[in-house]
Amino acid sequence: MRRFIGFTLALALILSLTACFGPPVDPDTVQESIQVIAMDTAMFISTYGKRSTSAAYASEDLIRDLESKLSRTEEESEVSRLNAAGGQPVEVGPELAALLTAAEKYRADTHGAFDITVAPVVSAWGFTAGAFRVPAQEELEALLEKVDGSAVQVTEDGAGGYSAALAPGQSVDLGGIAKGYAADRLVDLFREYQVPRAMAQLGGNVLAWGDRPDGTPWRVGVQDPARPDEQNAFAGILNLKNAFAVTSGGYQRYFEEGGKRYHHIIDPATGYPADSDLTSVTVVADCTYDDCMGALCDAFSTAFFIMGEKEALDGWREWQEGPPSFFDLVLITEDGRVVVTQGLAESFTLEEGSGYTLEIVS
Ligand code: ADP
Ligand code: MG
C-alpha cells in the first residue's frame, strides 16, 4: 500500500500561505493522489474537493475489499470458494451476485465472445499463475467443453442474500470485468463524498469524473499498441467529462514462445488468444448513465477485441438504437487505422506523428 502524503503536506503549506496572503482557495481544487497496486495492476486515483483525502483513502479501501471478494488467486475469496465448490451452490455477497448476473447478460449480448467461464482455458495458458505455456489442442478442446456462461446460476434467497452455482468442472474469472465494476462503485463513492472531480485509472479502465479544475475536459491518452512500453506513446487523445474509457488489447500481457506472441484475451470459440484485425479497443460511455456502465464497457472492450472491426461496429450500431450515444468506440486496426464512432468525433484527436490514419464512422 502506497499513499502519497508528500503532496498533501505541500498542499497544506500552500493553503496556509494563501490563507494569510493570497486569494481564498477554491475547495473544489483541493486534491489528493494515491497509487494502489491491486487487481494485478497499478491504479492511480486523484480526487478533488473538500473531502478529497478521505475520498481517496475510501477508494483504496473499496478496491481492496472488492479484490478480496473477486480475486481468483486469493484462496478465501468468494470467487475461489465458488470455483472450488464442484458445482454446489455457495453463498455470495451482493457484489458477486450482481457481477455474475451482468456477466451473463454481456455474454449473450456479445454472442459468447465475453464469457467468464473461459477461466480454465486462461489458466491452461498460464495467465493465472504466470507459468506460461502453449496447451495441446486436445487439452484445449476438453477444456472448451465446460465453457458455457449460461450454466452459471444466481439465486436470491428472499431475505436479501444470494447464492451462486457453476456447472461441475466450471470455474469463473472476473479479470475482464472486475476493474470496470470497481469503477462503477467509485462513481457511487464520489457521489457520497461529494467529490466534484476525479481521475481514476484502474489499469486500462479510466474514470474521468466531472471536469478538470479549469473547466476543460480530462485528457485520456489511448496507448499506441505498437509502442506498448513507451509512456505517453499515444495513438490519440480523448477529451472527456463524466465518462468511462476502457481499453483492451493484446499488447500488455503476453508471452512469447517459438517466435510467436500469445496474449491473455482468449477467444472462447477457439481456446486461443484472440486473433482479430484489431490491436486495441476502447469503449467510452457516460459514467452517470446507470450503475453498471463501467462493467459493461470493460466486458465489451474485451469482447470487441475478440470479435474484430466489422462485428464490433455492427455491435455498436445495434446498440445505437438504445439511448443516444449509449457508448462509443475507438478501434485501432492492424492495418494502421484508428476508427472512431461518431459520438467521439469532437472529443478524439489523433496524435500527430503517430502514423495512423483517422476514420470517423456513423
Ligand atoms: P485487462 O484485464 O488487461 O484490462 P481485459 O479487460 O480485456 O484486460 O480482460 C482480460 C482478462 O479477462 C484476462 O486476463 C482473463 O482473466 C479474462 N478473459 C480472457 N478472455 C476472456 C473472455 N473471452 N471473456 C471473459 N474474460 C476473459
Ligand atoms: Mg475487459
# chains A, B, ... in the order shown; residues from 1 in each chain; ligands from 1
>>> residues_near_ligand(ligand="ligand 2", cutoff="10 Å", atoms="only C-alpha atoms and all ligand atoms", output="PyMOL selection string")
chain A and resi 114+174-180+204-205+246-249+265+281-283+294-305
>>> select_by_dssp(residues="segment 1-244 of chain A", states="alpha helix (DSSP H)", output="PyMOL selection string")
chain A and resi 6-21+52-70+78-83+94-109+119-124+137-144+178-192
>>> closest_residue(among="A:Ala103, A:Ala131, A:Ala151, A:Val361", to="ligand 1", atoms="only C-alpha atoms and all ligand atoms")
A:Ala103
>>> closest_residue(among="A:Asp224, A:Thr333, A:Pro94, A:Glu256", to="Leu278 of chain A", atoms="only C-alpha atoms")
A:Thr333
>>> atom_distance(atom1="atom CA of Ala85 of chain A", atom2="atom 1 (P, counted along the ligand's line) of ligand 1")
26.1 Å
>>> atom_distance(atom1="atom CA of Gln88 of chain A", atom2="atom 2 (O, counted along the ligand's line) of ligand 1")
27.7 Å
>>> residues_around(residues="segment 69-80 of chain A", least_positions_apart="4", cutoff="10 Å", atoms="only C-alpha atoms", output="list in words")
Ala38, Met39, Asp40, Arg64, Asp65, Ala84, Ala85, Val90, Glu91, Val92, Gly93, Glu95, Leu96, Leu99, Ala119, Thr128, Ala129, Ala164, Ser171, Val172, Asp173, Leu174, Gly175 and Ala178 of chain A
>>> atom_distance(atom1="atom CA of Thr279 of chain A", atom2="atom CA of Gly250 of chain A")
6.7 Å
>>> select_by_dssp(residues="segment 22-185 of chain A", states="strand (DSSP E)", output="MDAnalysis selection string")
chainID A and resid 31:38 41:48 90:92 153:156 162:165
>>> closest_residue(among="A:Asp28, A:Asp328, A:Glu139, A:Glu351", to="Gly315 of chain A", atoms="only C-alpha atoms")
A:Asp328
>>> residues_around(residues="Leu202 of chain A", least_positions_apart="3", cutoff="8 Å", atoms="only C-alpha atoms", output="short mmCIF file (atom, residue, chain, number, x, y, z; two decimals) with C-alpha atoms, in the first residue's frame")
data_model
loop_
_atom_site.label_atom_id
_atom_site.label_comp_id
_atom_site.auth_asym_id
_atom_site.auth_seq_id
_atom_site.Cartn_x
_atom_site.Cartn_y
_atom_site.Cartn_z
CA THR A 41 -2.36 -3.79 -11.99
CA ALA A 42 -1.19 -0.33 -10.92
CA MET A 43 -4.02 2.09 -10.18
CA PHE A 44 -3.85 5.87 -9.83
CA LYS A 179 -11.98 -3.29 -12.80
CA ALA A 183 -15.04 1.98 -11.45
CA ASN A 205 -10.09 1.30 -17.05
CA VAL A 206 -10.30 5.08 -16.79
#
>>> residues_around(residues="Thr29 of chain A", least_positions_apart="3", cutoff="10 Å", atoms="only C-alpha atoms", output="NGL selection string")
:A and (25-26 or 32 or 47-50 or 52 or 196-197 or 212-214)
>>> closest_atom_pairs(of="segment 311-351 of chain A", to="segment 236-245 of chain A", cutoff="10 Å", atoms="only C-alpha atoms", output="Markdown table")
| residue | atom | partner | partner_atom | distance |
| --- | --- | --- | --- | --- |
| A:Phe327 | CA | A:Phe244 | CA | 9.5 |
| A:Asp328 | CA | A:Ala245 | CA | 9.3 |
| A:Leu329 | CA | A:Ala245 | CA | 9.2 |
| A:Val330 | CA | A:Leu238 | CA | 9.4 |
| A:Val338 | CA | A:Gly236 | CA | 8.6 |
| A:Leu344 | CA | A:Leu238 | CA | 8.1 |
| A:Ala345 | CA | A:Leu238 | CA | 9.8 |
| A:Glu346 | CA | A:Asn239 | CA | 8.5 |
| A:Ser347 | CA | A:Asn239 | CA | 4.9 |
| A:Phe348 | CA | A:Leu238 | CA | 4.6 |
| A:Thr349 | CA | A:Ile237 | CA | 5.3 |
| A:Leu350 | CA | A:Gly236 | CA | 4.2 |
| A:Glu351 | CA | A:Gly236 | CA | 4.5 |
>>> write_last_selection(atoms="N, CA and C atoms", output="PDB file, in the first residue's frame")
ATOM      1  N   PHE A 327     -22.834   4.115 -26.072  1.00  0.00           N
ATOM      2  CA  PHE A 327     -21.386   4.041 -25.892  1.00  0.00           C
ATOM      3  C   PHE A 327     -20.747   4.315 -27.232  1.00  0.00           C
ATOM      4  N   ASP A 328     -19.485   4.641 -27.226  1.00  0.00           N
ATOM      5  CA  ASP A 328     -18.753   4.880 -28.464  1.00  0.00           C
ATOM      6  C   ASP A 328     -17.445   4.106 -28.449  1.00  0.00           C
ATOM      7  N   LEU A 329     -16.823   4.011 -29.615  1.00  0.00           N
ATOM      8  CA  LEU A 329     -15.643   3.155 -29.746  1.00  0.00           C
ATOM      9  C   LEU A 329     -14.469   3.876 -30.394  1.00  0.00           C
ATOM     10  N   VAL A 330     -13.272   3.504 -29.948  1.00  0.00           N
ATOM     11  CA  VAL A 330     -12.042   3.828 -30.671  1.00  0.00           C
ATOM     12  C   VAL A 330     -11.384   2.484 -30.977  1.00  0.00           C
ATOM     13  N   VAL A 338      -7.221   4.286 -37.182  1.00  0.00           N
ATOM     14  CA  VAL A 338      -7.935   4.491 -35.924  1.00  0.00           C
ATOM     15  C   VAL A 338      -9.373   4.804 -36.299  1.00  0.00           C
ATOM     16  N   LEU A 344     -17.763  10.372 -30.782  1.00  0.00           N
ATOM     17  CA  LEU A 344     -16.478  10.860 -30.272  1.00  0.00           C
ATOM     18  C   LEU A 344     -15.765  11.764 -31.277  1.00  0.00           C
ATOM     19  N   ALA A 345     -16.455  12.078 -32.380  1.00  0.00           N
ATOM     20  CA  ALA A 345     -15.804  12.849 -33.458  1.00  0.00           C
ATOM     21  C   ALA A 345     -15.189  14.137 -32.920  1.00  0.00           C
ATOM     22  N   GLU A 346     -15.900  14.797 -32.001  1.00  0.00           N
ATOM     23  CA  GLU A 346     -15.410  16.080 -31.471  1.00  0.00           C
ATOM     24  C   GLU A 346     -14.374  15.884 -30.377  1.00  0.00           C
ATOM     25  N   SER A 347     -14.438  14.760 -29.677  1.00  0.00           N
ATOM     26  CA  SER A 347     -13.571  14.622 -28.495  1.00  0.00           C
ATOM     27  C   SER A 347     -12.287  13.842 -28.735  1.00  0.00           C
ATOM     28  N   PHE A 348     -12.145  13.234 -29.910  1.00  0.00           N
ATOM     29  CA  PHE A 348     -10.918  12.478 -30.168  1.00  0.00           C
ATOM     30  C   PHE A 348      -9.978  13.266 -31.072  1.00  0.00           C
ATOM     31  N   THR A 349      -8.708  13.342 -30.684  1.00  0.00           N
ATOM     32  CA  THR A 349      -7.708  13.910 -31.597  1.00  0.00           C
ATOM     33  C   THR A 349      -6.604  12.896 -31.836  1.00  0.00           C
ATOM     34  N   LEU A 350      -6.307  12.697 -33.105  1.00  0.00           N
ATOM     35  CA  LEU A 350      -5.232  11.788 -33.487  1.00  0.00           C
ATOM     36  C   LEU A 350      -3.899  12.427 -33.087  1.00  0.00           C
ATOM     37  N   GLU A 351      -2.996  11.607 -32.560  1.00  0.00           N
ATOM     38  CA  GLU A 351      -1.695  12.128 -32.146  1.00  0.00           C
ATOM     39  C   GLU A 351      -0.837  12.383 -33.398  1.00  0.00           C
TER      40      GLU A 351
END
>>> residues_around(residues="Pro228 of chain A", least_positions_apart="2", cutoff="12 Å", atoms="only C-alpha atoms", output="number ranges by chain")
A: 222-226, 230-235, 249-254, 279-280
>>> residues_around(residues="Ala136 of chain A", least_positions_apart="4", cutoff="10 Å", atoms="only C-alpha atoms", output="PyMOL selection string")
chain A and resi 124-125+140-141
>>> decode(residues="segment 175-209 of chain A", atoms="N, CA, C and O atoms", output="JSON list (two decimals), in the first residue's frame")
[["chain", "number", "residue", "atom", "x", "y", "z"],
["A", 175, "GLY", "N", -11.52, -11.28, -14.35],
["A", 175, "GLY", "CA", -10.46, -10.34, -14.75],
["A", 175, "GLY", "C", -10.87, -9.40, -15.88],
["A", 175, "GLY", "O", -10.33, -8.31, -16.01],
["A", 176, "GLY", "N", -11.84, -9.80, -16.69],
["A", 176, "GLY", "CA", -12.25, -8.97, -17.82],
["A", 176, "GLY", "C", -13.36, -7.99, -17.49],
["A", 176, "GLY", "O", -13.81, -7.25, -18.36],
["A", 177, "ILE", "N", -13.80, -7.95, -16.22],
["A", 177, "ILE", "CA", -14.94, -7.11, -15.87],
["A", 177, "ILE", "C", -14.81, -6.44, -14.50],
["A", 177, "ILE", "O", -15.45, -5.41, -14.23],
["A", 178, "ALA", "N", -13.94, -7.00, -13.63],
["A", 178, "ALA", "CA", -13.89, -6.54, -12.23],
["A", 178, "ALA", "C", -13.42, -5.09, -12.10],
["A", 178, "ALA", "O", -13.94, -4.33, -11.26],
["A", 179, "LYS", "N", -12.48, -4.66, -12.92],
["A", 179, "LYS", "CA", -11.98, -3.29, -12.80],
["A", 179, "LYS", "C", -13.04, -2.30, -13.26],
["A", 179, "LYS", "O", -13.18, -1.22, -12.69],
["A", 180, "GLY", "N", -13.80, -2.68, -14.27],
["A", 180, "GLY", "CA", -14.91, -1.83, -14.72],
["A", 180, "GLY", "C", -15.98, -1.73, -13.63],
["A", 180, "GLY", "O", -16.55, -0.65, -13.41],
["A", 181, "TYR", "N", -16.23, -2.83, -12.96],
["A", 181, "TYR", "CA", -17.21, -2.83, -11.88],
["A", 181, "TYR", "C", -16.70, -1.95, -10.72],
["A", 181, "TYR", "O", -17.47, -1.19, -10.11],
["A", 182, "ALA", "N", -15.40, -2.06, -10.43],
["A", 182, "ALA", "CA", -14.81, -1.22, -9.38],
["A", 182, "ALA", "C", -14.99, 0.25, -9.73],
["A", 182, "ALA", "O", -15.29, 1.09, -8.86],
["A", 183, "ALA", "N", -14.84, 0.59, -11.01],
["A", 183, "ALA", "CA", -15.04, 1.98, -11.45],
["A", 183, "ALA", "C", -16.48, 2.42, -11.21],
["A", 183, "ALA", "O", -16.75, 3.56, -10.81],
["A", 184, "ASP", "N", -17.43, 1.50, -11.44],
["A", 184, "ASP", "CA", -18.85, 1.81, -11.15],
["A", 184, "ASP", "C", -19.03, 2.16, -9.68],
["A", 184, "ASP", "O", -19.76, 3.10, -9.34],
["A", 185, "ARG", "N", -18.41, 1.37, -8.83],
["A", 185, "ARG", "CA", -18.57, 1.60, -7.39],
["A", 185, "ARG", "C", -17.86, 2.91, -6.97],
["A", 185, "ARG", "O", -18.27, 3.55, -6.01],
["A", 186, "LEU", "N", -16.78, 3.27, -7.69],
["A", 186, "LEU", "CA", -16.12, 4.55, -7.39],
["A", 186, "LEU", "C", -17.06, 5.72, -7.69],
["A", 186, "LEU", "O", -17.03, 6.73, -6.98],
["A", 187, "VAL", "N", -17.87, 5.58, -8.73],
["A", 187, "VAL", "CA", -18.85, 6.64, -9.03],
["A", 187, "VAL", "C", -19.77, 6.85, -7.83],
["A", 187, "VAL", "O", -19.99, 7.99, -7.39],
["A", 188, "ASP", "N", -20.28, 5.76, -7.25],
["A", 188, "ASP", "CA", -21.13, 5.87, -6.05],
["A", 188, "ASP", "C", -20.38, 6.59, -4.94],
["A", 188, "ASP", "O", -20.91, 7.44, -4.24],
["A", 189, "LEU", "N", -19.11, 6.17, -4.76],
["A", 189, "LEU", "CA", -18.32, 6.72, -3.66],
["A", 189, "LEU", "C", -18.07, 8.22, -3.87],
["A", 189, "LEU", "O", -18.17, 9.02, -2.94],
["A", 190, "PHE", "N", -17.76, 8.60, -5.11],
["A", 190, "PHE", "CA", -17.50, 10.03, -5.38],
["A", 190, "PHE", "C", -18.76, 10.85, -5.12],
["A", 190, "PHE", "O", -18.69, 11.98, -4.64],
["A", 191, "ARG", "N", -19.90, 10.26, -5.42],
["A", 191, "ARG", "CA", -21.15, 10.98, -5.12],
["A", 191, "ARG", "C", -21.31, 11.12, -3.61],
["A", 191, "ARG", "O", -21.63, 12.20, -3.11],
["A", 192, "GLU", "N", -21.09, 10.01, -2.90],
["A", 192, "GLU", "CA", -21.26, 10.01, -1.44],
["A", 192, "GLU", "C", -20.34, 11.05, -0.77],
["A", 192, "GLU", "O", -20.75, 11.74, 0.15],
["A", 193, "TYR", "N", -19.11, 11.15, -1.27],
["A", 193, "TYR", "CA", -18.14, 12.08, -0.67],
["A", 193, "TYR", "C", -18.20, 13.46, -1.33],
["A", 193, "TYR", "O", -17.34, 14.30, -1.08],
["A", 194, "GLN", "N", -19.18, 13.67, -2.16],
["A", 194, "GLN", "CA", -19.34, 14.94, -2.86],
["A", 194, "GLN", "C", -18.06, 15.41, -3.53],
["A", 194, "GLN", "O", -17.63, 16.56, -3.39],
["A", 195, "VAL", "N", -17.44, 14.46, -4.22],
["A", 195, "VAL", "CA", -16.21, 14.76, -4.96],
["A", 195, "VAL", "C", -16.62, 15.44, -6.27],
["A", 195, "VAL", "O", -17.32, 14.85, -7.07],
["A", 196, "PRO", "N", -16.21, 16.69, -6.48],
["A", 196, "PRO", "CA", -16.67, 17.38, -7.69],
["A", 196, "PRO", "C", -15.97, 16.88, -8.95],
["A", 196, "PRO", "O", -16.54, 16.95, -10.04],
["A", 197, "ARG", "N", -14.74, 16.41, -8.79],
["A", 197, "ARG", "CA", -13.99, 15.93, -9.96],
["A", 197, "ARG", "C", -12.95, 14.93, -9.49],
["A", 197, "ARG", "O", -12.44, 15.03, -8.36],
["A", 198, "ALA", "N", -12.63, 13.97, -10.34],
["A", 198, "ALA", "CA", -11.63, 12.96, -10.00],
["A", 198, "ALA", "C", -11.16, 12.27, -11.27],
["A", 198, "ALA", "O", -11.88, 12.26, -12.28],
["A", 199, "MET", "N", -9.96, 11.75, -11.20],
["A", 199, "MET", "CA", -9.44, 10.94, -12.31],
["A", 199, "MET", "C", -8.99, 9.62, -11.70],
["A", 199, "MET", "O", -8.13, 9.60, -10.82],
["A", 200, "ALA", "N", -9.61, 8.53, -12.12],
["A", 200, "ALA", "CA", -9.23, 7.21, -11.62],
["A", 200, "ALA", "C", -8.78, 6.36, -12.79],
["A", 200, "ALA", "O", -9.50, 6.21, -13.78],
["A", 201, "GLN", "N", -7.57, 5.82, -12.66],
["A", 201, "GLN", "CA", -7.02, 5.00, -13.72],
["A", 201, "GLN", "C", -6.78, 3.63, -13.11],
["A", 201, "GLN", "O", -5.85, 3.44, -12.33],
["A", 202, "LEU", "N", -7.66, 2.68, -13.42],
["A", 202, "LEU", "CA", -7.53, 1.33, -12.87],
["A", 202, "LEU", "C", -7.01, 0.44, -13.98],
["A", 202, "LEU", "O", -7.78, -0.17, -14.72],
["A", 203, "GLY", "N", -5.70, 0.39, -14.16],
["A", 203, "GLY", "CA", -5.15, -0.28, -15.34],
["A", 203, "GLY", "C", -5.72, 0.37, -16.59],
["A", 203, "GLY", "O", -5.70, 1.60, -16.71],
["A", 204, "GLY", "N", -6.28, -0.43, -17.48],
["A", 204, "GLY", "CA", -6.85, 0.12, -18.71],
["A", 204, "GLY", "C", -8.25, 0.69, -18.55],
["A", 204, "GLY", "O", -8.88, 1.06, -19.53],
["A", 205, "ASN", "N", -8.75, 0.76, -17.31],
["A", 205, "ASN", "CA", -10.09, 1.30, -17.05],
["A", 205, "ASN", "C", -9.97, 2.71, -16.48],
["A", 205, "ASN", "O", -9.52, 2.88, -15.35],
["A", 206, "VAL", "N", -10.40, 3.70, -17.26],
["A", 206, "VAL", "CA", -10.30, 5.08, -16.79],
["A", 206, "VAL", "C", -11.70, 5.60, -16.45],
["A", 206, "VAL", "O", -12.65, 5.36, -17.19],
["A", 207, "LEU", "N", -11.77, 6.29, -15.31],
["A", 207, "LEU", "CA", -13.00, 7.00, -14.95],
["A", 207, "LEU", "C", -12.64, 8.48, -14.85],
["A", 207, "LEU", "O", -11.84, 8.88, -14.01],
["A", 208, "ALA", "N", -13.18, 9.26, -15.79],
["A", 208, "ALA", "CA", -12.96, 10.71, -15.78],
["A", 208, "ALA", "C", -14.21, 11.35, -15.18],
["A", 208, "ALA", "O", -15.22, 11.50, -15.86],
["A", 209, "TRP", "N", -14.12, 11.67, -13.90],
["A", 209, "TRP", "CA", -15.29, 12.13, -13.14],
["A", 209, "TRP", "C", -15.34, 13.66, -13.15],
["A", 209, "TRP", "O", -14.34, 14.30, -12.79]]
